[in-house]
file final.cif (mmCIF, C-alpha atoms)
data_protein
#
loop_
_atom_site.label_atom_id
_atom_site.label_comp_id
_atom_site.auth_asym_id
_atom_site.auth_seq_id
_atom_site.Cartn_x
_atom_site.Cartn_y
_atom_site.Cartn_z
CA MET A 1352 0.00 0.00 0.00
CA TYR A 1353 1.54 3.28 -1.09
CA ARG A 1354 1.63 6.33 1.18
CA GLU A 1355 2.44 9.97 0.59
CA ASP A 1356 5.97 10.85 1.67
CA VAL A 1357 4.83 13.74 3.88
CA SER A 1358 1.44 12.44 5.00
CA GLU A 1359 0.07 9.47 6.86
CA THR A 1360 -2.97 9.33 4.60
CA LEU A 1361 -3.23 6.77 1.85
CA ARG A 1362 -2.40 7.74 -1.67
CA PRO A 1363 -5.04 6.17 -3.96
CA VAL A 1364 -3.63 3.95 -6.68
CA PRO A 1365 -5.67 3.24 -9.84
CA LEU A 1366 -5.80 -0.45 -10.73
CA GLY A 1367 -6.58 -0.88 -14.43
CA GLY A 1368 -7.77 -3.95 -16.26
CA ASP A 1369 -10.68 -5.52 -18.09
CA GLN A 1370 -14.25 -5.56 -16.83
CA LEU A 1371 -13.75 -8.76 -14.84
CA THR A 1372 -10.78 -7.22 -13.02
CA CYS A 1373 -12.87 -4.16 -12.09
CA GLU A 1374 -15.67 -6.41 -10.90
CA ARG A 1375 -13.27 -8.42 -8.71
CA VAL A 1376 -11.83 -5.22 -7.20
CA ARG A 1377 -15.32 -3.99 -6.31
CA GLY A 1378 -16.08 -7.40 -4.82
CA ALA A 1379 -12.95 -7.21 -2.67
CA HIS A 1380 -13.98 -3.75 -1.46
CA MET A 1381 -17.45 -4.98 -0.55
CA ALA A 1382 -15.96 -7.93 1.32
CA THR A 1383 -13.71 -5.69 3.43
CA LEU A 1384 -16.14 -2.88 4.25
CA ASP A 1385 -16.11 -3.86 7.93
CA GLY A 1386 -12.34 -3.41 8.23
CA ASP A 1387 -11.05 -1.28 11.11
CA THR A 1388 -8.37 0.63 9.17
CA PRO A 1389 -8.16 2.15 5.68
CA GLU A 1390 -5.58 -0.51 4.81
CA GLU A 1391 -7.93 -3.31 5.81
CA ARG A 1392 -10.73 -1.70 3.79
CA LEU A 1393 -8.42 -1.39 0.73
CA GLU A 1394 -9.28 2.29 0.44
CA GLY A 1395 -6.01 3.03 -1.35
CA VAL A 1396 -6.95 0.97 -4.42
CA PHE A 1397 -9.65 1.75 -6.97
CA SER A 1398 -10.38 0.14 -10.31
CA MET A 1399 -10.75 1.62 -13.78
CA ALA A 1400 -11.58 -0.04 -17.08
CA GLU A 1401 -8.77 0.01 -19.63
CA ASP A 1402 -8.91 0.60 -23.36
CA PHE A 1403 -7.52 -2.50 -25.08
CA HIS A 1404 -10.20 -4.78 -23.69
CA GLU A 1405 -12.79 -2.11 -24.52
CA LYS A 1406 -11.59 -2.20 -28.14
CA MET A 1407 -11.78 -5.98 -28.14
CA ASN A 1408 -15.37 -5.98 -26.90
CA PHE A 1409 -16.27 -3.15 -29.29
CA LEU A 1410 -15.01 -5.30 -32.17
CA GLN A 1411 -16.91 -8.28 -30.80
CA VAL A 1412 -20.17 -6.32 -30.99
CA ILE A 1413 -19.39 -5.48 -34.62
CA MET A 1414 -18.69 -9.12 -35.52
CA THR A 1415 -21.81 -10.31 -33.69
CA LYS A 1416 -23.97 -7.88 -35.64
CA LEU A 1417 -22.33 -7.98 -39.08
CA TYR A 1418 -20.55 -11.35 -39.43
CA ASN A 1419 -22.49 -14.51 -40.18
CA MET A 1420 -20.94 -17.49 -41.93
CA ALA A 1421 -24.33 -18.32 -43.47
CA SER A 1422 -24.15 -15.09 -45.51
CA ALA A 1423 -21.02 -16.18 -47.41
CA ARG A 1424 -22.88 -16.12 -50.76
CA GLU A 1425 -24.22 -12.57 -50.28
CA GLY A 1426 -21.98 -10.01 -51.98
CA GLY A 1427 -20.55 -7.31 -49.74
CA THR A 1428 -21.01 -9.07 -46.39
CA LEU A 1429 -18.03 -9.59 -44.10
CA SER A 1430 -18.31 -13.34 -44.48
CA GLN A 1431 -18.25 -13.14 -48.29
CA LEU A 1432 -15.34 -10.69 -48.27
CA ARG A 1433 -13.44 -12.88 -45.82
CA ASN A 1434 -13.74 -15.86 -48.17
CA LEU A 1435 -12.96 -13.71 -51.21
CA ILE A 1436 -9.47 -12.85 -49.94
CA ASN A 1437 -8.99 -16.15 -48.08
CA ARG A 1438 -8.66 -14.78 -44.55
CA ARG A 1439 -9.28 -18.15 -42.89
CA ASN A 1440 -7.94 -16.99 -39.53
CA VAL A 1441 -10.89 -14.57 -39.16
CA VAL A 1442 -13.45 -16.04 -36.77
CA SER A 1443 -16.60 -14.76 -35.13
CA ASP A 1444 -15.11 -15.02 -31.60
CA VAL A 1445 -12.71 -12.07 -31.42
CA ARG A 1446 -10.96 -13.44 -28.33
CA LYS A 1447 -9.53 -16.35 -30.32
CA ASP A 1448 -7.51 -14.11 -32.66
CA TYR A 1449 -8.08 -10.41 -32.05
CA HIS A 1450 -5.33 -9.17 -34.35
CA ALA A 1451 -6.47 -11.27 -37.31
CA VAL A 1452 -10.05 -10.07 -36.98
CA ALA A 1453 -8.95 -6.46 -36.41
CA ASP A 1454 -6.63 -6.43 -39.45
CA PHE A 1455 -9.37 -7.86 -41.66
CA PHE A 1456 -12.08 -5.50 -40.46
CA ASP A 1457 -9.81 -2.43 -40.68
CA LEU A 1458 -8.92 -3.38 -44.27
CA VAL A 1459 -12.61 -3.74 -45.16
CA VAL A 1460 -13.31 -0.33 -43.62
CA ASP A 1461 -10.46 1.25 -45.62
CA VAL A 1462 -11.92 -0.14 -48.83
CA HIS A 1463 -15.40 1.10 -47.92
CA VAL A 1464 -13.97 4.58 -47.32
CA VAL A 1465 -12.31 4.61 -50.75
CA VAL A 1466 -15.49 3.29 -52.40
CA ALA A 1467 -17.52 6.01 -50.67
CA ILE A 1468 -15.15 8.70 -51.95
CA THR A 1469 -15.19 7.36 -55.52
CA GLU A 1470 -18.99 7.17 -55.43
CA HIS A 1471 -19.30 10.75 -54.21
CA LEU A 1472 -16.80 12.06 -56.77
CA GLU A 1473 -18.37 9.93 -59.55
CA MET A 1474 -15.12 8.11 -60.26
CA ASP A 1475 -15.18 4.73 -62.02
CA ASN A 1476 -11.93 3.62 -60.37
CA ILE A 1477 -9.23 4.92 -58.07
CA ASN A 1478 -7.13 6.32 -60.91
CA ALA A 1479 -10.00 8.07 -62.72
CA GLN A 1480 -9.96 11.82 -63.26
CA VAL A 1481 -12.06 13.81 -60.80
CA LYS A 1482 -14.57 15.94 -62.70
CA CYS A 1483 -15.99 18.01 -59.86
CA PHE A 1484 -12.81 19.91 -58.99
CA PRO A 1485 -13.16 23.67 -59.49
CA ARG A 1486 -11.34 25.32 -62.36
CA LEU A 1487 -7.72 26.33 -61.83
CA ILE A 1488 -7.45 24.18 -58.70
CA ASN A 1489 -3.83 23.46 -59.62
CA VAL A 1490 -2.82 27.11 -59.18
CA LYS A 1491 -4.47 27.49 -55.78
CA THR A 1492 -2.36 27.80 -52.65
CA GLN A 1493 -1.79 24.79 -50.40
CA GLU A 1494 -4.08 26.28 -47.78
CA GLU A 1495 -6.89 26.75 -50.32
CA LYS A 1496 -6.44 23.17 -51.58
CA TYR A 1497 -6.55 21.87 -48.01
CA THR A 1498 -9.72 23.85 -47.28
CA TYR A 1499 -11.41 22.41 -50.36
CA LEU A 1500 -10.26 18.90 -49.44
CA LYS A 1501 -11.85 19.23 -45.99
CA PHE A 1502 -15.03 20.46 -47.67
CA LEU A 1503 -15.16 17.35 -49.88
CA ILE A 1504 -14.47 15.06 -46.91
CA GLY A 1505 -17.29 16.75 -45.01
CA GLN A 1506 -19.65 16.05 -47.89
CA VAL A 1507 -18.67 12.35 -47.92
CA ILE A 1508 -19.18 12.08 -44.15
CA ASP A 1509 -22.55 13.85 -44.33
CA ARG A 1510 -23.74 11.58 -47.12
CA PHE A 1511 -22.63 8.17 -45.86
CA VAL A 1512 -22.19 8.56 -42.09
CA HIS A 1513 -24.13 11.49 -40.59
CA GLN A 1514 -27.12 10.92 -42.85
CA GLN A 1515 -29.18 9.05 -40.22
CA MET A 1516 -26.81 8.64 -37.31
CA SER A 1517 -27.04 12.25 -36.15
CA SER A 1518 -30.83 12.08 -36.07
CA THR A 1519 -30.85 9.06 -33.77
CA LEU A 1520 -28.30 10.71 -31.48
CA GLN A 1521 -30.68 13.65 -31.19
CA VAL A 1522 -33.39 11.22 -30.05
CA ILE A 1523 -31.04 9.74 -27.42
CA GLU A 1524 -30.10 13.24 -26.21
CA GLY A 1525 -33.78 14.20 -26.00
CA TYR A 1526 -33.88 16.86 -28.74
CA VAL A 1527 -36.45 15.07 -30.93
CA ASN A 1528 -38.95 12.29 -30.28
CA ASP A 1529 -38.63 10.00 -33.28
CA VAL A 1530 -36.69 9.34 -36.48
CA ASN A 1531 -38.29 8.37 -39.75
CA GLU A 1532 -36.49 5.49 -41.45
CA ARG A 1533 -35.78 6.63 -44.99
CA GLY A 1534 -33.38 3.94 -46.25
CA GLU A 1535 -35.02 1.13 -48.20
CA ASP A 1536 -31.83 -0.37 -49.63
CA LYS A 1537 -30.71 -2.83 -46.96
CA ILE A 1538 -27.45 -3.63 -48.76
CA TYR A 1539 -26.62 0.09 -48.66
CA ASN A 1540 -27.58 0.16 -44.98
CA TYR A 1541 -25.25 -2.77 -44.26
CA ALA A 1542 -22.33 -1.07 -46.04
CA THR A 1543 -22.85 2.23 -44.22
CA ALA A 1544 -23.05 0.32 -40.91
CA ILE A 1545 -19.57 -1.05 -41.60
CA LEU A 1546 -18.42 2.51 -42.33
CA LYS A 1547 -19.90 3.92 -39.12
CA TYR A 1548 -18.61 1.19 -36.83
CA GLY A 1549 -15.26 1.23 -38.58
CA LEU A 1550 -14.74 4.98 -38.31
CA LEU A 1551 -15.64 4.95 -34.62
CA ARG A 1552 -13.08 2.20 -34.12
CA ARG A 1553 -10.50 4.09 -36.21
CA VAL A 1554 -10.89 7.21 -34.06
CA SER A 1555 -10.31 5.07 -30.97
CA LEU A 1556 -7.13 3.58 -32.45
CA MET A 1557 -5.80 7.02 -33.43
CA THR A 1558 -6.63 8.34 -29.96
CA THR A 1559 -4.46 5.68 -28.36
CA ALA A 1560 -1.62 6.22 -30.82
CA VAL A 1561 -1.35 9.94 -30.01
CA GLY A 1562 -2.16 9.50 -26.29
CA ASP A 1563 -5.15 11.85 -26.21
CA GLY A 1564 -6.87 11.12 -22.89
CA GLY A 1565 -9.63 13.68 -23.32
CA ARG A 1566 -10.73 12.26 -26.66
CA CYS A 1567 -10.44 8.77 -25.19
CA MET A 1568 -13.09 9.68 -22.61
CA ARG A 1569 -15.37 10.93 -25.39
CA ASN A 1570 -14.86 7.67 -27.28
CA TRP A 1571 -16.08 5.76 -24.22
CA ARG A 1572 -19.41 7.60 -24.49
CA TYR A 1573 -19.94 6.21 -27.97
CA SER A 1574 -18.80 2.81 -26.72
CA MET A 1575 -21.55 2.88 -24.12
CA LEU A 1576 -24.12 3.25 -26.91
CA VAL A 1577 -22.51 0.45 -28.91
CA PHE A 1578 -22.47 -1.84 -25.87
CA GLU A 1579 -26.13 -0.95 -25.29
CA THR A 1580 -27.00 -2.15 -28.80
CA GLY A 1581 -24.83 -5.23 -28.35
CA HIS A 1582 -26.37 -6.14 -24.95
CA LYS A 1583 -23.01 -5.98 -23.17
CA THR A 1584 -24.47 -4.67 -19.94
CA LYS A 1585 -21.33 -5.03 -17.83
CA TYR A 1586 -19.14 -3.04 -20.21
CA LYS A 1587 -21.92 -0.48 -20.52
CA LEU A 1588 -21.73 -0.10 -16.74
CA GLU A 1589 -17.93 0.34 -16.93
CA CYS A 1590 -18.43 3.10 -19.51
CA PHE A 1591 -20.82 4.87 -17.15
CA LEU A 1592 -18.55 4.45 -14.11
CA LEU A 1593 -15.51 5.77 -15.99
CA GLN A 1594 -17.44 8.88 -17.02
CA ALA A 1595 -18.84 9.30 -13.50
CA ALA A 1596 -15.41 8.90 -11.95
CA THR A 1597 -13.66 11.48 -14.12
CA LYS A 1598 -16.53 13.98 -13.99
CA ALA A 1599 -17.76 13.73 -10.41
CA LEU A 1600 -16.60 10.94 -8.11
CA LEU A 1601 -12.81 11.44 -8.13
CA SER A 1602 -10.80 14.44 -7.02
CA PRO A 1603 -9.42 16.68 -9.79
CA ARG A 1604 -5.93 15.22 -9.35
CA LEU A 1605 -7.09 11.61 -9.53
CA SER A 1606 -9.41 12.41 -12.43
CA HIS A 1607 -6.51 13.91 -14.37
CA GLN A 1608 -4.41 10.85 -13.53
CA VAL A 1609 -7.07 8.43 -14.81
CA VAL A 1610 -7.64 10.43 -18.01
CA CYS A 1611 -4.00 11.02 -18.95
CA ASN A 1612 -2.17 7.93 -17.63
CA ARG A 1613 -3.89 5.42 -19.89
CA PHE A 1614 -1.11 5.00 -22.44
CA ILE A 1615 2.46 3.67 -22.51
CA ASN A 1616 5.12 4.33 -25.12
CA LEU A 1617 7.69 1.51 -25.16
CA SER A 1618 9.69 2.53 -28.22
CA GLY A 1619 9.56 6.34 -28.10
CA GLY A 1620 8.46 8.67 -30.85
CA GLU A 1621 5.22 10.35 -31.83
CA GLY A 1622 2.15 8.24 -32.49
CA LYS A 1623 3.53 5.05 -30.91
CA ASN A 1624 1.52 4.89 -27.69
CA LEU A 1625 -0.09 1.64 -26.59
CA ASP A 1626 -2.98 0.90 -24.28
CA GLY A 1627 -1.86 0.23 -20.72
CA ASP A 1628 -3.61 -3.14 -20.47
CA TYR A 1629 -2.17 -4.20 -23.83
CA VAL A 1630 1.34 -3.53 -22.50
CA MET A 1631 0.43 -5.59 -19.43
CA GLU A 1632 -0.49 -8.46 -21.75
CA LEU A 1633 2.99 -8.20 -23.30
CA LEU A 1634 4.60 -8.18 -19.86
CA ASN A 1635 2.55 -11.21 -18.84
CA ARG A 1636 3.89 -13.03 -21.88
CA LEU A 1637 7.48 -12.16 -20.92
CA ALA A 1638 6.89 -13.17 -17.31
CA LYS A 1639 5.37 -16.53 -18.28
CA LYS A 1640 8.34 -17.21 -20.55
CA ARG A 1641 10.79 -16.59 -17.69
CA ILE A 1642 8.72 -18.62 -15.23
CA LYS A 1643 8.70 -21.52 -17.67
CA ASN A 1644 12.49 -21.41 -17.79
CA LEU A 1645 12.70 -21.82 -14.00
CA GLY A 1646 12.07 -25.53 -14.23
CA PRO A 1647 12.46 -27.19 -10.80
CA ASN A 1648 13.47 -23.83 -9.29
CA HIS A 1649 9.86 -22.68 -9.49
CA THR A 1650 9.19 -21.14 -6.07
CA PRO A 1651 6.89 -18.33 -4.89
CA ALA A 1652 9.91 -16.13 -4.16
CA ALA A 1653 11.35 -16.67 -7.66
CA VAL A 1654 8.01 -15.92 -9.29
CA ALA A 1655 7.61 -12.73 -7.24
CA ARG A 1656 11.13 -11.65 -8.19
CA ILE A 1657 10.38 -12.16 -11.88
CA GLY A 1658 7.16 -10.18 -11.58
CA LYS A 1659 8.95 -7.22 -10.00
CA THR A 1660 11.86 -7.16 -12.45
CA VAL A 1661 10.40 -8.32 -15.77
CA MET A 1662 10.39 -4.83 -17.34
CA ALA A 1663 13.89 -3.92 -16.13
CA THR A 1664 15.45 -7.22 -17.17
CA ASN A 1665 13.82 -7.02 -20.58
CA ASP A 1666 15.22 -3.50 -21.10
CA ILE A 1667 18.70 -4.72 -20.11
CA GLU A 1668 18.42 -7.67 -22.49
CA GLN A 1669 17.32 -5.44 -25.37
CA HIS A 1670 20.16 -2.99 -24.67
CA MET A 1671 22.77 -5.78 -24.68
CA LEU A 1672 21.42 -7.21 -27.93
CA ARG A 1673 21.66 -3.79 -29.58
CA GLN A 1674 25.27 -3.41 -28.44
CA LEU A 1675 26.09 -6.86 -29.88
CA ASP A 1676 24.34 -6.00 -33.17
CA VAL A 1677 21.88 -8.84 -32.72
CA ALA A 1678 18.58 -8.42 -34.53
CA LEU A 1679 15.92 -7.52 -31.96
CA GLN A 1680 12.68 -9.44 -31.75
CA SER A 1681 9.96 -7.20 -33.09
CA ARG A 1682 6.82 -6.47 -31.05
CA GLU A 1683 4.81 -6.65 -34.28
CA HIS A 1684 4.40 -9.20 -37.01
CA THR A 1685 5.78 -8.20 -40.39
CA LYS A 1686 2.78 -6.95 -42.31
CA ARG A 1687 2.44 -8.38 -45.76
CA SER A 1688 1.26 -6.17 -48.57
CA VAL A 1689 -2.50 -5.90 -48.79
CA ALA A 1690 -2.50 -4.17 -52.18
CA ALA A 1691 -3.83 -7.25 -53.98
CA ASP A 1692 -6.51 -7.84 -51.35
CA PHE A 1693 -7.44 -4.16 -51.45
CA GLU A 1694 -7.91 -4.29 -55.24
CA ILE A 1695 -10.04 -7.44 -55.01
CA LEU A 1696 -12.27 -5.96 -52.31
CA PHE A 1697 -12.58 -2.64 -54.15
CA HIS A 1698 -13.70 -4.36 -57.35
CA GLU A 1699 -16.23 -6.45 -55.41
CA LEU A 1700 -17.73 -3.54 -53.45
CA LYS A 1701 -17.59 -0.89 -56.16
CA ASN A 1702 -18.33 -2.73 -59.40
CA LYS A 1703 -20.00 -6.06 -58.60
CA SER A 1704 -22.04 -5.59 -55.43
CA GLN A 1705 -22.33 -1.76 -55.74
CA VAL A 1706 -22.89 -1.60 -51.99
CA LEU A 1707 -22.77 2.20 -51.68
CA GLN A 1708 -25.17 2.94 -54.51
CA MET A 1709 -28.72 3.55 -53.31
CA ILE A 1710 -30.89 0.97 -55.13
CA PRO A 1711 -34.27 0.66 -53.34
CA GLY A 1712 -35.59 -2.85 -52.81
CA ARG A 1713 -32.29 -4.66 -52.33
CA SER A 1714 -31.49 -6.64 -49.18
CA HIS A 1715 -29.21 -9.35 -47.87
CA GLU A 1716 -31.07 -12.51 -46.91
CA HIS A 1717 -29.49 -12.59 -43.45
CA TYR A 1718 -29.59 -8.82 -42.85
CA ASN A 1719 -32.99 -7.88 -44.23
CA ASN A 1720 -33.90 -5.84 -41.15
CA ILE A 1721 -30.72 -3.82 -40.81
CA SER A 1722 -31.26 -0.11 -40.24
CA SER A 1723 -29.43 2.78 -41.84
CA ASP A 1724 -28.31 3.80 -38.34
CA ILE A 1725 -26.29 1.71 -35.92
CA PHE A 1726 -28.01 3.28 -32.87
CA SER A 1727 -31.59 2.81 -34.02
CA ASP A 1728 -32.13 -0.15 -31.64
CA ILE A 1729 -31.55 2.00 -28.55
CA ASP A 1730 -34.60 2.77 -26.44
CA ALA A 1731 -33.77 6.37 -25.51
CA ARG A 1732 -36.20 6.53 -22.58
CA ALA A 1733 -34.95 3.27 -21.08
CA LEU A 1734 -31.32 4.38 -21.46
CA HIS A 1735 -32.02 7.73 -19.79
CA LYS A 1736 -33.80 5.95 -16.94
CA TRP A 1737 -30.89 3.53 -16.49
CA ILE A 1738 -28.40 6.41 -16.32
CA GLN A 1739 -30.51 8.32 -13.79
CA ASP A 1740 -30.93 5.18 -11.66
CA LYS A 1741 -27.17 4.62 -11.66
CA LYS A 1742 -26.53 8.24 -10.70
CA GLN A 1743 -28.78 7.89 -7.67
CA GLU A 1744 -27.38 4.48 -6.81
CA TYR A 1745 -23.74 5.58 -6.70
CA ALA A 1746 -24.50 9.01 -5.27
CA GLY A 1747 -26.12 7.18 -2.38
CA GLY A 1748 -22.85 5.58 -1.33
CA LYS A 1749 -22.50 2.38 -3.39
CA TRP A 1750 -18.84 1.52 -3.97
CA ALA A 1751 -18.18 2.44 -7.59
CA PHE A 1752 -14.59 1.24 -7.93
#
call {"tool": "encode", "arguments": {"input": "final.cif", "output": "structure tokens"}}
result
Amino acid sequence: MYREDVSETLRPVPLGGDQLTCERVRGAHMATLDGDTPEERLEGVFSMAEDFHEKMNFLQVIMTKLYNMASAREGGTLSQLRNLINRRNVVSDVRKDYHAVADFFDLVVDVHVVVAITEHLEMDNINAQVKCFPRLINVKTQEEKYTYLKFLIGQVIDRFVHQQMSSTLQVIEGYVNDVNERGEDKIYNYATAILKYGLLRRVSLMTTAVGDGGRCMRNWRYSMLVFETGHKTKYKLECFLLQAATKALLSPRLSHQVVCNRFINLSGGEGKNLDGDYVMELLNRLAKKRIKNLGPNHTPAAVARIGKTVMATNDIEQHMLRQLDVALQSREHTKRSVAADFEILFHELKNKSQVLQMIPGRSHEHYNNISSDIFSDIDARALHKWIQDKKQEYAGGKWAF
């Protein structure tokens, strides 16, 4: 238990992890409420949900909603695209191979973005000449070109993303009472759902890379809505508790600590931050490797020593290998070129299935009820009531961490 150097009071220490870890910490607190001292009541430890496991569960909601092996014959579905480029390591259970599923889905989202841009600019292929550019665009200044580029991007976002999504968000926030469903092309709805989920995920990945804690907290608000639609009630609760902690329940210093200390940069440099719980997974892998090498010397003291020194010993090992000019083991797999897969997917989505062209009456057999908005399933009144009930529950003294 850590203490302040100049005070006898406990210094609270955030304990991050997945939802199960947070649940176990709260259970430990409830079990020790009758302790006589702050140490016995574990008042110096509080839990907070971390971001890597949130991303994993976010992706699981996407796969549950949009991936169905039975739809492999329906052009433009994730299952059909997976078979088209032979990504056999992509499975419906994200926990079995998160990186394989994430790489595949991110590639599909990239292709959808390019298809959306070519549709909006009326381009037949990626290399086609854009006809809608204003005259003399080539002689404009860089700032003027950039302003026009942002204008075009805004148009694409308004057409394919904000079209219905913003209206449903207004219902959730209480500004309007209902949204009229205008989309009749269910294949188009499915494709725009991939775009919307994918862009939300992409913002979350970029947030981690640059270490933007404030934007990370805003991403968790969208995650709460996604978990609501995916019936992940426990992660929805973690989203609420994280927002409540940083906005109301924690002191300003602890709130700032929780918001900003969510990322770790192991290699240095801009845009190379990692989620704290993801780094812990890497450290667990190193620790298990060293424990395995103990053999018959496996004792509690040896295991504790490895746990306390795993990061330092790994840094020493890496430094010695660099001095000896030994090739270091990479933290990432070598990424093969996806240019061929990208071209195959683009041809399928743009020319064959025409997923982002509005053609009323079309539908996938297994997704014939899909809405044009990913948040349309949310009961706004029930969600508001749940939030208000939780506010009263934790304001009344229930242990939130």
call {"tool": "atom_distance", "arguments": {"input": "final.cif", "atom1": "atom CA of Arg1566 of chain A", "atom2": "atom CA of Ala1400 of chain A"}}
result
15.6 Å
call {"tool": "atom_distance", "arguments": {"input": "final.cif", "atom1": "atom CA of Ala1595 of chain A", "atom2": "atom CA of Leu1576 of chain A"}}
result
15.6 Å
call {"tool": "residues_around", "arguments": {"input": "final.cif", "residues": "His1607 of chain A", "least_positions_apart": "5", "cutoff": "9 Å", "atoms": "all atoms listed in the file", "output": "PDB file with C-alpha atoms, in the frame of the given file"}}
result
ATOM      1  CA  GLY A1564      -6.870  11.120 -22.890  1.00  0.00           C
ATOM      2  CA  THR A1597     -13.660  11.480 -14.120  1.00  0.00           C
ATOM      3  CA  SER A1602     -10.800  14.440  -7.020  1.00  0.00           C
ATOM      4  CA  ASN A1612      -2.170   7.930 -17.630  1.00  0.00           C
TER       5      ASN A1612
END
call {"tool": "resolve_selection", "arguments": {"input": "final.cif", "expression": "the PyMOL selection byres ((chain A and resi 1709) around 10)", "output": "ChimeraX atom specification"}}
result
/A:1534-1540,1705-1708,1710-1713
call {"tool": "closest_residue", "arguments": {"input": "final.cif", "among": "A:Glu1716, A:Asp1563, A:Glu1391, A:Asp1676", "to": "Asn1624 of chain A", "atoms": "all atoms listed in the file"}}
result
A:Asp1563
call {"tool": "closest_atom_pairs", "arguments": {"input": "final.cif", "of": "segment 1538-1638 of chain A", "to": "segment 1401-1412 of chain A", "cutoff": "10 Å", "atoms": "all atoms listed in the file", "output": "tab-separated table"}}
result
residue	atom	partner	partner_atom	distance
A:Tyr1548	CA	A:Leu1410	CA	8.8
A:Gly1549	CA	A:Leu1410	CA	9.2
A:Leu1551	CA	A:Phe1409	CA	9.7
A:Arg1552	CA	A:Lys1406	CA	7.6
A:Ser1555	CA	A:Lys1406	CA	7.9
A:Leu1556	CA	A:Lys1406	CA	8.5
A:Thr1559	CA	A:Asp1402	CA	8.4
A:Cys1567	CA	A:Asp1402	CA	8.5
A:Trp1571	CA	A:Glu1405	CA	8.5
A:Ser1574	CA	A:Phe1409	CA	7.0
A:Met1575	CA	A:Phe1409	CA	9.5
A:Val1577	CA	A:Phe1409	CA	7.2
A:Phe1578	CA	A:Val1412	CA	7.2
A:Glu1579	CA	A:Val1412	CA	9.8
A:Thr1580	CA	A:Val1412	CA	8.3
A:Gly1581	CA	A:Val1412	CA	5.5
A:His1582	CA	A:Val1412	CA	8.7
A:Lys1583	CA	A:Val1412	CA	8.3
A:Tyr1586	CA	A:Glu1405	CA	7.7
A:Glu1589	CA	A:Glu1405	CA	9.5
A:Cys1590	CA	A:Glu1405	CA	9.2
A:Leu1593	CA	A:Glu1401	CA	9.6
A:Val1609	CA	A:Glu1401	CA	9.8
A:Arg1613	CA	A:Glu1401	CA	7.3
A:Phe1614	CA	A:Asp1402	CA	9.0
A:Leu1625	CA	A:Phe1403	CA	8.6
A:Asp1626	CA	A:Phe1403	CA	5.7
A:Gly1627	CA	A:Glu1401	CA	7.0
A:Asp1628	CA	A:Phe1403	CA	6.1
A:Tyr1629	CA	A:Phe1403	CA	5.8
A:Val1630	CA	A:Phe1403	CA	9.3
A:Glu1632	CA	A:Phe1403	CA	9.8
call {"tool": "closest_residue", "arguments": {"input": "final.cif", "among": "A:Ile1545, A:Leu1458, A:Leu1393, A:Leu1588", "to": "Gln1370 of chain A", "atoms": "all atoms listed in the file"}}
result
A:Leu1588
call {"tool": "decode", "arguments": {"input": "final.cif", "residues": "segment 1596-1633 of chain A", "atoms": "C-alpha atoms", "output": "PDB file, in the first residue's frame"}}
result
ATOM      1  CA  ALA A1596     -15.411   8.904 -11.947  1.00  0.00           C
ATOM      2  CA  THR A1597     -13.664  11.481 -14.124  1.00  0.00           C
ATOM      3  CA  LYS A1598     -16.535  13.985 -13.990  1.00  0.00           C
ATOM      4  CA  ALA A1599     -17.763  13.728 -10.409  1.00  0.00           C
ATOM      5  CA  LEU A1600     -16.598  10.942  -8.108  1.00  0.00           C
ATOM      6  CA  LEU A1601     -12.815  11.444  -8.130  1.00  0.00           C
ATOM      7  CA  SER A1602     -10.796  14.437  -7.023  1.00  0.00           C
ATOM      8  CA  PRO A1603      -9.419  16.683  -9.793  1.00  0.00           C
ATOM      9  CA  ARG A1604      -5.930  15.223  -9.354  1.00  0.00           C
ATOM     10  CA  LEU A1605      -7.093  11.611  -9.531  1.00  0.00           C
ATOM     11  CA  SER A1606      -9.413  12.408 -12.428  1.00  0.00           C
ATOM     12  CA  HIS A1607      -6.510  13.909 -14.366  1.00  0.00           C
ATOM     13  CA  GLN A1608      -4.410  10.851 -13.533  1.00  0.00           C
ATOM     14  CA  VAL A1609      -7.068   8.435 -14.805  1.00  0.00           C
ATOM     15  CA  VAL A1610      -7.635  10.433 -18.011  1.00  0.00           C
ATOM     16  CA  CYS A1611      -4.001  11.019 -18.949  1.00  0.00           C
ATOM     17  CA  ASN A1612      -2.174   7.932 -17.628  1.00  0.00           C
ATOM     18  CA  ARG A1613      -3.886   5.417 -19.888  1.00  0.00           C
ATOM     19  CA  PHE A1614      -1.109   5.000 -22.439  1.00  0.00           C
ATOM     20  CA  ILE A1615       2.462   3.670 -22.505  1.00  0.00           C
ATOM     21  CA  ASN A1616       5.124   4.330 -25.121  1.00  0.00           C
ATOM     22  CA  LEU A1617       7.690   1.514 -25.157  1.00  0.00           C
ATOM     23  CA  SER A1618       9.687   2.531 -28.216  1.00  0.00           C
ATOM     24  CA  GLY A1619       9.560   6.337 -28.104  1.00  0.00           C
ATOM     25  CA  GLY A1620       8.456   8.669 -30.850  1.00  0.00           C
ATOM     26  CA  GLU A1621       5.222  10.348 -31.831  1.00  0.00           C
ATOM     27  CA  GLY A1622       2.149   8.241 -32.488  1.00  0.00           C
ATOM     28  CA  LYS A1623       3.526   5.051 -30.910  1.00  0.00           C
ATOM     29  CA  ASN A1624       1.522   4.892 -27.686  1.00  0.00           C
ATOM     30  CA  LEU A1625      -0.088   1.643 -26.589  1.00  0.00           C
ATOM     31  CA  ASP A1626      -2.984   0.904 -24.275  1.00  0.00           C
ATOM     32  CA  GLY A1627      -1.861   0.229 -20.718  1.00  0.00           C
ATOM     33  CA  ASP A1628      -3.615  -3.145 -20.470  1.00  0.00           C
ATOM     34  CA  TYR A1629      -2.165  -4.201 -23.831  1.00  0.00           C
ATOM     35  CA  VAL A1630       1.339  -3.528 -22.502  1.00  0.00           C
ATOM     36  CA  MET A1631       0.431  -5.586 -19.433  1.00  0.00           C
ATOM     37  CA  GLU A1632      -0.488  -8.465 -21.755  1.00  0.00           C
ATOM     38  CA  LEU A1633       2.992  -8.200 -23.303  1.00  0.00           C
TER      39      LEU A1633
END
